[in-house]
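Below you'll find the structure, written out as C-alpha cells, and then a few comments.
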Amino acid sequence: MTVRNVAIGLALCGLAACAGVLGLTRSGPRAFPHRSHVVSGVSCTRCHPGLDASSAELHLPDDASCTAAGCHARPHDTRPCLTCHVAPTALAQLAEARAHLKFDHRRHLDGTKGNCMRCHTGVADGDDHMRPAMATCFACHADDARRDARTCDACHKDLADEGTLPATHLAHDGDWLREHGTRAASSGDVCQSCHKPAYCAECHGKTAASLPATQRFADPFAASVHRAGFAARHSLEARSSPGACTTCHSPDRCVACHTARGVAGGSIGNPHPPGWVGLTASLNLHGREARRDPAACASCHGGAGETLCVQCHAVGGVGGNPHPPGWSSRQPMSAMPCRMCHPVGSR
Amino acid sequence: MKRLPVLAVALAAVAALARGAPADPLRLHADALATTASPAGLLVLDASGAAQPGLSAQAVVWVAGNTGTDRMQGDDARGDVLVIAVDAHTADGTAGARVGRFVSTLGALRPEHVDGAAVRLRLPYRVDVEAVGGVPVLPGLMTRRSWDWLAGGRIARRFGDWGSAGIAYEQVRTDGRLVTEEVAADVGASLGRHDDVGARAAYDVATPGLAEVSLSASHRTEHLRAEIYASHLAASHRLPATSLFSVIGDVPSQRAGAVLTWVAAPRLDLTADAGARRVDADYAPELTARARLKLDDRGASALSAELRRSGVGNQAWTGARGAARIALGHALWASTELELVRPDDPRGRGSLWPWALAALSWERGDWQAATAIEASASPEYRSRVDALFQLSMRWGTP
C-alpha cells in the first residue's frame, strides 16, 4: 500500500465522517418525491385538492389523500406523512408564497389545460424547487404591459416585506458589495422595487449616523465595507484604493475625525517623511504621492490649506507647473482654483 | 438638542401621511445602540407607510449622544434626517416622482444625497427618462447653502426584460461654482438564465478625463458561479473641480480579477477571488479565499473562514478572519468573529492587529436585543475593550 493510497483512504474516511455536516447525507425530513409520483401517473390534483375552488388555501395533501384509493393504504408510521416527507423549508416557503403573491391557481387551470408541470417545471429535475421561477411566468406573460412597466405589484403584494431575492440579472450572489454599483447602474428602477429610499442612504447618505452593519454587530455575516477591524486597517485600504473613500465620504472627513481623536491636525507635528519637499527629484516625494492620491492631500490641505501649494506652484514659482502633459480644464481662468496660481493676465 | 423638534416633525409628517393607510401598513422601526467606545448612544427611528396605492413615504431620523474622548467638534448630542421622502407613481407605472431628502442614483453617476425632487417617465418604445434636481445635502442640519444646487438626468432604453442601456448627465454647483460635471453611460444585460454582464463609465467634463469605469461579467450554474471584473478610478476626478488638487493630473488606480464561488456540498460554499491592483507604477496581487459551512439546512448556524492578501506597496497586508453563529434555541444566538491583520510595513504601529467580537443576541416577534464585547489592538490603541448593546423594536399598524 503506497502513501498515496493511504492519503486517498484517509480523505475518503474524512469525507464520510463529515458527510452529515456537509449536508451530503440527511437524517431528517426529505423533500417530497414529487417526481416519482408524477412518473407513476399520479395526477397533481389527486393529492392537492381544491385547486379549482379556492385561492386562499395552501392545497396541502392530508394523510387521507395519501391513503385514498389504495395508494398508501398501510402507512409505515403513525405520525402524519408530512412530518418526514417534506423538505425542512418547503412548508414555510409555500406559506410565504401564498402570503406575498397575488396568485390564483384557478385562473391558470384553463390556460395550462390542467397541466401543472407547465409552470412547476422543477418536478422534472427533482424534488426541490417546486416554486416556479419568475422567468417561467414571463414565458406566457411576455406581453403584459405591467411587466413592461416593471410594476412588480401586479403580482407581488409587497416585495420589500417579502424578502425574495432576484434569481438572475440582479442576483445578489458573489461579491455583491463590490458588484452592486455596476449592476444597479442600469437597473436602478428594478432596485427600487424592493429597496426603499433609506436603503441607499444608509451607506451613501451624507447624514448617515452609522453603517447598517454597525447596528447589526451580532450578525457576523452581514456584508459591509467597514466590517470587523476596519478601523485599524483603514489607512492601508484608503491608500491602496485612492478615491474609493470619496464614494461616500467628503475629502475633509479624514482630518475632521483625526483632529477630533488627536491623531492629526494641530496635535502632532509634520506627518510627512524626510525628503517630502526638496529641490531635487530624489528629495521631492510629495509630487508623486499627490498625483497618486490627491484626495489624501485634500483631506488636510483642502480649502485654505491650498495656499501652501500655491506658494511654490503659482505661475513663475519655484515649484514649476504641477499639471501633467496634455492636461486641460473647462474652468475659466478667473474661476477657482485656476485664479489661485494664474493671476489675471497670466497663462 | 434644539434639533430634536425638527426630527420629530419629520417623523410626524410621514406618520400623518400614512395614517389610516388602507394599502400598506404604517411601519415604525426603532433601533437603539449604545457603546462604551466613546461612550456613545444612537437612536434611529424609521417610519414608512402608504396612504393609498401608488403613494408612499418613508422617514429615517436619528439622534446620537457622544460624551467621551471621541466626541466630535464639541457636540454633546447630534441628530439628523437621513431620509424623508414621498413617492408617487401612476397605477400603470408609466410615471413616478419622489420629493424630499433621498439618495439620487442616475445610472453610472455617483450617488448624490439631495434635498429635492426626482421624476421618472416611461415613454413609448421602452425609453425611460429620469431627471433629478435639488440641493446637495450637508450634514448636521446645516442651512448655509446659497447657490448650491444639483441637476441631472438620464435617458435609457430597455431591451425586453433582459437588459437596458442609458446615458446620464449631472452638474453640481456650490456657491454657484461648478464642482462636478459628468456624463456617464451604463449597460446591463442578462444573457439567458446563466450569464450576466454589466458596465458603467463616467467622464469628467469639468476637468476632462475618465473618472470611473467598472465592468463585470458572470456565469452561474447550480453549483458554480464565475465572475470576471475590472475597474478604473481616477481620484483627481472625484474631487470638486474647485479644489486645487483636482488639477494635478489623472493617475488612475485599476483593479481586475476573477471570482469563483463553488457550492462544494449542500452546506459548504467555497469562494476564491484572485486579482491584481495597480496604483500608479505599483502592482500588487489581491487574493481572497473564503469557506462558509452552514450547520443546518436553513443556515441559522454557520461557520466561516477567510484568508486575504491586499494592498499595494508598503500598504500591503495579510489577514485572516473567522466567524461563527450558533443558534442556541429559545430565540437566542451566539456569535463570534476574530480577525488578524499583519501589515507588511508596521512602521512602529504593531506587527499584528487583532480584532475580536463575541455577541449574544435574542429575537422574538418584533423585538430584537443584542450585546457584545469587542476587543482589539490597532495602530491607535495598544489594547481596547468595548461593550455594545442594541435594542430594536418594530411596530406595524395594518
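Following the order of the C-alpha cells, chains are lettered A, B, ..., residues in each are numbered from 1, and ligands are numbered from 1.
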Query raised in the report: What residues in region 84-180 of chain B get the DSSP label strand (DSSP E or B)? Please answer as a ChimeraX atom specification.
Result: /B:84-89,95-104,112-123,127-136,149-159,163-174,177-180
For those residues, write C-alpha atoms to a file as a PDB file, in the first residue's frame.
```pdb
ATOM      1  CA  ILE B  84     -37.684  61.872   4.361  1.00  0.00           C
ATOM      2  CA  ALA B  85     -39.270  61.177   1.025  1.00  0.00           C
ATOM      3  CA  VAL B  86     -42.685  60.838  -0.526  1.00  0.00           C
ATOM      4  CA  ASP B  87     -43.020  58.566  -3.555  1.00  0.00           C
ATOM      5  CA  ALA B  88     -45.860  58.612  -6.019  1.00  0.00           C
ATOM      6  CA  HIS B  89     -46.438  56.677  -9.197  1.00  0.00           C
ATOM      7  CA  ALA B  95     -44.775  57.961 -14.394  1.00  0.00           C
ATOM      8  CA  GLY B  96     -43.307  58.303 -10.936  1.00  0.00           C
ATOM      9  CA  ALA B  97     -41.939  61.038  -8.723  1.00  0.00           C
ATOM     10  CA  ARG B  98     -40.081  61.369  -5.443  1.00  0.00           C
ATOM     11  CA  VAL B  99     -39.903  64.510  -3.331  1.00  0.00           C
ATOM     12  CA  GLY B 100     -37.887  65.140  -0.191  1.00  0.00           C
ATOM     13  CA  ARG B 101     -34.466  64.046   1.027  1.00  0.00           C
ATOM     14  CA  PHE B 102     -33.124  60.918  -0.650  1.00  0.00           C
ATOM     15  CA  VAL B 103     -30.109  59.490  -2.455  1.00  0.00           C
ATOM     16  CA  SER B 104     -30.266  60.156  -6.165  1.00  0.00           C
ATOM     17  CA  GLU B 112     -25.823  62.009  -4.509  1.00  0.00           C
ATOM     18  CA  HIS B 113     -27.666  62.744  -1.288  1.00  0.00           C
ATOM     19  CA  VAL B 114     -30.074  65.523  -2.177  1.00  0.00           C
ATOM     20  CA  ASP B 115     -32.978  67.592  -0.893  1.00  0.00           C
ATOM     21  CA  GLY B 116     -35.107  67.892  -3.980  1.00  0.00           C
ATOM     22  CA  ALA B 117     -37.272  66.037  -6.429  1.00  0.00           C
ATOM     23  CA  ALA B 118     -36.867  63.287  -8.977  1.00  0.00           C
ATOM     24  CA  VAL B 119     -39.201  62.157 -11.734  1.00  0.00           C
ATOM     25  CA  ARG B 120     -39.225  59.127 -13.998  1.00  0.00           C
ATOM     26  CA  LEU B 121     -41.236  58.645 -17.148  1.00  0.00           C
ATOM     27  CA  ARG B 122     -41.646  55.529 -19.212  1.00  0.00           C
ATOM     28  CA  LEU B 123     -42.089  56.597 -22.814  1.00  0.00           C
ATOM     29  CA  VAL B 127     -37.490  54.538 -23.452  1.00  0.00           C
ATOM     30  CA  ASP B 128     -37.132  55.756 -19.870  1.00  0.00           C
ATOM     31  CA  VAL B 129     -36.374  59.321 -18.879  1.00  0.00           C
ATOM     32  CA  GLU B 130     -35.249  60.325 -15.389  1.00  0.00           C
ATOM     33  CA  ALA B 131     -34.495  63.774 -14.016  1.00  0.00           C
ATOM     34  CA  VAL B 132     -33.407  65.000 -10.609  1.00  0.00           C
ATOM     35  CA  GLY B 133     -32.917  68.460  -9.181  1.00  0.00           C
ATOM     36  CA  GLY B 134     -32.300  69.904  -5.765  1.00  0.00           C
ATOM     37  CA  VAL B 135     -29.769  70.946  -3.185  1.00  0.00           C
ATOM     38  CA  PRO B 136     -26.905  68.663  -2.130  1.00  0.00           C
ATOM     39  CA  TRP B 149     -27.685  73.033  -6.460  1.00  0.00           C
ATOM     40  CA  LEU B 150     -27.637  69.815  -8.380  1.00  0.00           C
ATOM     41  CA  ALA B 151     -29.387  68.888 -11.604  1.00  0.00           C
ATOM     42  CA  GLY B 152     -29.142  65.854 -13.807  1.00  0.00           C
ATOM     43  CA  GLY B 153     -30.945  63.424 -15.991  1.00  0.00           C
ATOM     44  CA  ARG B 154     -30.732  60.065 -17.655  1.00  0.00           C
ATOM     45  CA  ILE B 155     -32.250  58.584 -20.753  1.00  0.00           C
ATOM     46  CA  ALA B 156     -32.301  54.837 -21.141  1.00  0.00           C
ATOM     47  CA  ARG B 157     -33.659  52.192 -23.419  1.00  0.00           C
ATOM     48  CA  ARG B 158     -34.842  48.840 -22.103  1.00  0.00           C
ATOM     49  CA  PHE B 159     -34.421  45.692 -24.147  1.00  0.00           C
ATOM     50  CA  GLY B 163     -31.219  44.429 -20.429  1.00  0.00           C
ATOM     51  CA  SER B 164     -31.005  48.163 -20.677  1.00  0.00           C
ATOM     52  CA  ALA B 165     -28.547  50.895 -21.620  1.00  0.00           C
ATOM     53  CA  GLY B 166     -28.523  54.538 -20.645  1.00  0.00           C
ATOM     54  CA  ILE B 167     -26.699  57.842 -20.730  1.00  0.00           C
ATOM     55  CA  ALA B 168     -26.716  60.275 -17.819  1.00  0.00           C
ATOM     56  CA  TYR B 169     -25.557  63.823 -17.175  1.00  0.00           C
ATOM     57  CA  GLU B 170     -25.211  65.728 -13.920  1.00  0.00           C
ATOM     58  CA  GLN B 171     -23.959  69.107 -12.810  1.00  0.00           C
ATOM     59  CA  VAL B 172     -23.358  70.179  -9.214  1.00  0.00           C
ATOM     60  CA  ARG B 173     -22.613  73.724  -8.119  1.00  0.00           C
ATOM     61  CA  THR B 174     -21.529  75.042  -4.732  1.00  0.00           C
ATOM     62  CA  ARG B 177     -19.312  77.497  -8.753  1.00  0.00           C
ATOM     63  CA  LEU B 178     -19.082  74.350 -10.799  1.00  0.00           C
ATOM     64  CA  VAL B 179     -17.776  71.477  -8.669  1.00  0.00           C
ATOM     65  CA  THR B 180     -18.930  68.445 -10.667  1.00  0.00           C
TER      66      THR B 180
END
```
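Among the residues of region 87-324 of chain B, backbone DSSP assigns helix (DSSP H, G or I) to B:Pro124, B:Tyr125, B:Arg126, B:Ala235, B:Ser236, B:His237, B:Arg238, B:Leu244, B:Phe245, B:Ser246, B:Gly313, B:Asn314, B:Gln315.
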Let's have the selection written as a PDB file, in the first residue's frame, with C-alpha atoms.
```pdb
ATOM      1  CA  PRO B 124     -43.068  54.522 -25.828  1.00  0.00           C
ATOM      2  CA  TYR B 125     -40.519  52.203 -27.389  1.00  0.00           C
ATOM      3  CA  ARG B 126     -39.261  51.250 -23.918  1.00  0.00           C
ATOM      4  CA  ALA B 235      -9.087  60.048  -7.667  1.00  0.00           C
ATOM      5  CA  SER B 236      -8.412  63.548  -9.023  1.00  0.00           C
ATOM      6  CA  HIS B 237     -11.812  63.461 -10.763  1.00  0.00           C
ATOM      7  CA  ARG B 238     -13.522  62.564  -7.522  1.00  0.00           C
ATOM      8  CA  LEU B 244      -6.544  72.748  -6.242  1.00  0.00           C
ATOM      9  CA  PHE B 245      -5.917  69.013  -6.014  1.00  0.00           C
ATOM     10  CA  SER B 246      -8.170  68.351  -8.991  1.00  0.00           C
ATOM     11  CA  GLY B 313       3.452  48.725  -1.995  1.00  0.00           C
ATOM     12  CA  ASN B 314       4.140  49.411   1.656  1.00  0.00           C
ATOM     13  CA  GLN B 315       0.384  49.492   2.303  1.00  0.00           C
TER      14      GLN B 315
END
```
Report task. Show which residues sit within 7 Å of Leu307 (chain B), as a ChimeraX atom specification. Count only C-alpha atoms, and ignore same-chain residues fewer than 4 positions away. Result -> /B:288-290,319-321
Please save N, CA, C and O atoms of the selected residues as a tab-separated table (two decimals), in the first residue's frame.
```tsv
chain	number	residue	atom	x	y	z
B	288	THR	N	-8.18	36.48	-2.16
B	288	THR	CA	-9.09	36.14	-1.06
B	288	THR	C	-9.55	34.69	-1.22
B	288	THR	O	-9.89	34.26	-2.33
B	289	ALA	N	-9.52	33.94	-0.14
B	289	ALA	CA	-10.08	32.59	-0.12
B	289	ALA	C	-11.03	32.51	1.06
B	289	ALA	O	-10.68	32.95	2.16
B	290	ARG	N	-12.22	32.00	0.80
B	290	ARG	CA	-13.23	32.02	1.84
B	290	ARG	C	-14.01	30.70	1.83
B	290	ARG	O	-14.31	30.15	0.75
B	319	GLY	N	-4.28	39.06	6.00
B	319	GLY	CA	-5.24	38.93	7.08
B	319	GLY	C	-5.95	37.60	7.09
B	319	GLY	O	-6.03	36.91	6.08
B	320	ALA	N	-6.44	37.24	8.25
B	320	ALA	CA	-7.25	36.03	8.41
B	320	ALA	C	-8.46	36.40	9.25
B	320	ALA	O	-8.37	37.25	10.16
B	321	ARG	N	-9.58	35.78	8.93
B	321	ARG	CA	-10.80	36.11	9.67
B	321	ARG	C	-11.63	34.86	9.84
B	321	ARG	O	-11.78	34.06	8.90
```
Requested in this report: Write out as a ChimeraX atom specification which residues come within 10 Å of region 329-332 of chain B when counting only C-alpha atoms, dropping same-chain ones fewer than 2 positions away.
Outcome: /B:326-327,334,360-365,368-370
Requested in this report: Please provide the set of residues having any atom within 10 Å of Gly302 (chain A), restricted to only C-alpha atoms, with same-chain residues fewer than 5 positions apart removed, written as an NGL selection string.
Outcome: (:A and (251-252 or 255 or 294-297 or 307-308)) or (:B and (243-245))
Produce a file of the selected residues containing N, CA and C atoms, as a tab-separated table (two decimals), in the first residue's frame.
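Ended up saving to part18.tsv:
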```tsv
chain	number	residue	atom	x	y	z
A	251	PRO	N	-13.89	64.68	1.24
A	251	PRO	CA	-12.44	64.62	1.50
A	251	PRO	C	-12.04	65.14	2.87
A	252	ASP	N	-12.81	66.08	3.42
A	252	ASP	CA	-12.40	66.64	4.72
A	252	ASP	C	-12.80	65.75	5.89
A	255	VAL	N	-9.57	64.54	8.05
A	255	VAL	CA	-8.94	65.44	9.01
A	255	VAL	C	-9.89	65.79	10.15
A	294	PRO	N	-4.66	62.39	-4.64
A	294	PRO	CA	-4.91	63.80	-4.33
A	294	PRO	C	-5.96	63.99	-3.24
A	295	ALA	N	-6.84	63.01	-3.08
A	295	ALA	CA	-7.87	63.13	-2.04
A	295	ALA	C	-7.22	63.13	-0.66
A	296	ALA	N	-6.13	62.36	-0.51
A	296	ALA	CA	-5.44	62.32	0.78
A	296	ALA	C	-4.85	63.69	1.10
A	297	CYS	N	-4.29	64.36	0.09
A	297	CYS	CA	-3.75	65.71	0.31
A	297	CYS	C	-4.88	66.67	0.69
A	307	THR	N	-3.26	77.24	-0.11
A	307	THR	CA	-2.28	78.32	-0.32
A	307	THR	C	-0.85	77.82	-0.10
A	308	LEU	N	-0.70	76.74	0.67
A	308	LEU	CA	0.62	76.15	0.87
A	308	LEU	C	1.20	75.70	-0.47
B	243	SER	N	-11.31	72.38	-6.26
B	243	SER	CA	-10.17	72.03	-5.42
B	243	SER	C	-8.88	72.12	-6.21
B	244	LEU	N	-7.85	72.66	-5.59
B	244	LEU	CA	-6.54	72.75	-6.24
B	244	LEU	C	-6.01	71.36	-6.57
B	245	PHE	N	-6.44	70.37	-5.81
B	245	PHE	CA	-5.92	69.01	-6.01
B	245	PHE	C	-6.59	68.29	-7.18
```
Query raised in the report: CA of Gly275 (chain B) to CA of Leu22 (chain A): how many Å, to one decimal?
Result: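 One can read the CA of Gly275 (chain B) to CA of Leu22 (chain A) distance as 28.9 Å.
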Requested in this report: Please provide as a VMD selection string all residues within 10 Å of region 181-183 of chain A, with the sequence filter that same-chain residues fewer than 5 positions apart are discarded (counting only C-alpha atoms).
Outcome: (chain A and resid 169 to 172 176 188 191) or (chain B and resid 105 107 to 111 186 to 189 196 to 201 213 to 217 229 231)
Could those residues be written to a file, using C-alpha atoms, as a PDB file, in the first residue's frame?
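Listed below is the output, again10.pdb:
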```pdb
ATOM      1  CA  HIS A 169     -29.574  39.566 -13.641  1.00  0.00           C
ATOM      2  CA  LEU A 170     -29.568  41.191 -10.219  1.00  0.00           C
ATOM      3  CA  ALA A 171     -28.976  38.015  -8.247  1.00  0.00           C
ATOM      4  CA  HIS A 172     -27.348  39.125  -5.011  1.00  0.00           C
ATOM      5  CA  TRP A 176     -22.442  41.764  -4.250  1.00  0.00           C
ATOM      6  CA  GLY A 188     -31.964  51.407 -10.618  1.00  0.00           C
ATOM      7  CA  CYS A 191     -33.687  48.006  -7.284  1.00  0.00           C
TER       8      CYS A 191
ATOM      9  CA  THR B 105     -28.885  57.394  -8.396  1.00  0.00           C
ATOM     10  CA  GLY B 107     -27.191  55.381 -13.926  1.00  0.00           C
ATOM     11  CA  ALA B 108     -23.405  55.334 -13.761  1.00  0.00           C
ATOM     12  CA  LEU B 109     -23.104  58.646 -11.941  1.00  0.00           C
ATOM     13  CA  ARG B 110     -22.100  58.735  -8.329  1.00  0.00           C
ATOM     14  CA  PRO B 111     -24.978  58.551  -5.842  1.00  0.00           C
ATOM     15  CA  ASP B 186     -24.305  52.288 -18.366  1.00  0.00           C
ATOM     16  CA  VAL B 187     -25.313  48.969 -19.819  1.00  0.00           C
ATOM     17  CA  GLY B 188     -26.552  45.784 -18.227  1.00  0.00           C
ATOM     18  CA  ALA B 189     -27.859  42.582 -19.663  1.00  0.00           C
ATOM     19  CA  ASP B 196     -24.950  38.487 -16.750  1.00  0.00           C
ATOM     20  CA  VAL B 197     -22.901  41.454 -17.904  1.00  0.00           C
ATOM     21  CA  GLY B 198     -22.778  44.980 -16.599  1.00  0.00           C
ATOM     22  CA  ALA B 199     -20.640  48.011 -17.311  1.00  0.00           C
ATOM     23  CA  ARG B 200     -20.572  51.668 -16.416  1.00  0.00           C
ATOM     24  CA  ALA B 201     -18.311  54.594 -17.196  1.00  0.00           C
ATOM     25  CA  VAL B 213     -15.101  52.636 -15.247  1.00  0.00           C
ATOM     26  CA  SER B 214     -16.227  49.270 -13.993  1.00  0.00           C
ATOM     27  CA  LEU B 215     -17.030  46.046 -15.800  1.00  0.00           C
ATOM     28  CA  SER B 216     -18.422  42.770 -14.574  1.00  0.00           C
ATOM     29  CA  ALA B 217     -19.438  39.568 -16.335  1.00  0.00           C
ATOM     30  CA  TYR B 229     -14.330  42.133 -13.164  1.00  0.00           C
ATOM     31  CA  SER B 231     -12.359  48.771 -12.516  1.00  0.00           C
TER      32      SER B 231
END
```
Query - Straight-line distance linking CA of Val225 (chain A) with CA of Asp161 (chain A), stated in Å to one decimal - result: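 A separation of 25.0 Å between them.
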Report task. Work out how far apart CA of Ala213 (chain A) and CA of Leu388 (chain B) are and give it in Å to one decimal. Result -> 13.0 Å
Query raised in the report: Neighbours of Gly28 (chain A) within 12 Å (only C-alpha atoms; same-chain residues fewer than 6 positions away dropped), as a list in words?
Result: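 Listed by chain and then number, they are Gly20, Leu82, Thr83, Cys84, His85, Val86, Ala87, Pro88 and Thr89 of chain A; Asp296 and Asp297 of chain B.
Of the listed residues (A:His286, A:Gly243, A:Gly319, A:Arg131), A:Gly243 comes nearest to chain B; the distances count only C-alpha atoms.
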Requested in this report: Rank B:Ser351, B:Thr221, B:Thr35, B:Thr242 by their smallest atom-to-atom distance to chain A, using only C-alpha atoms, and report the top residue only.
Outcome: B:Thr242
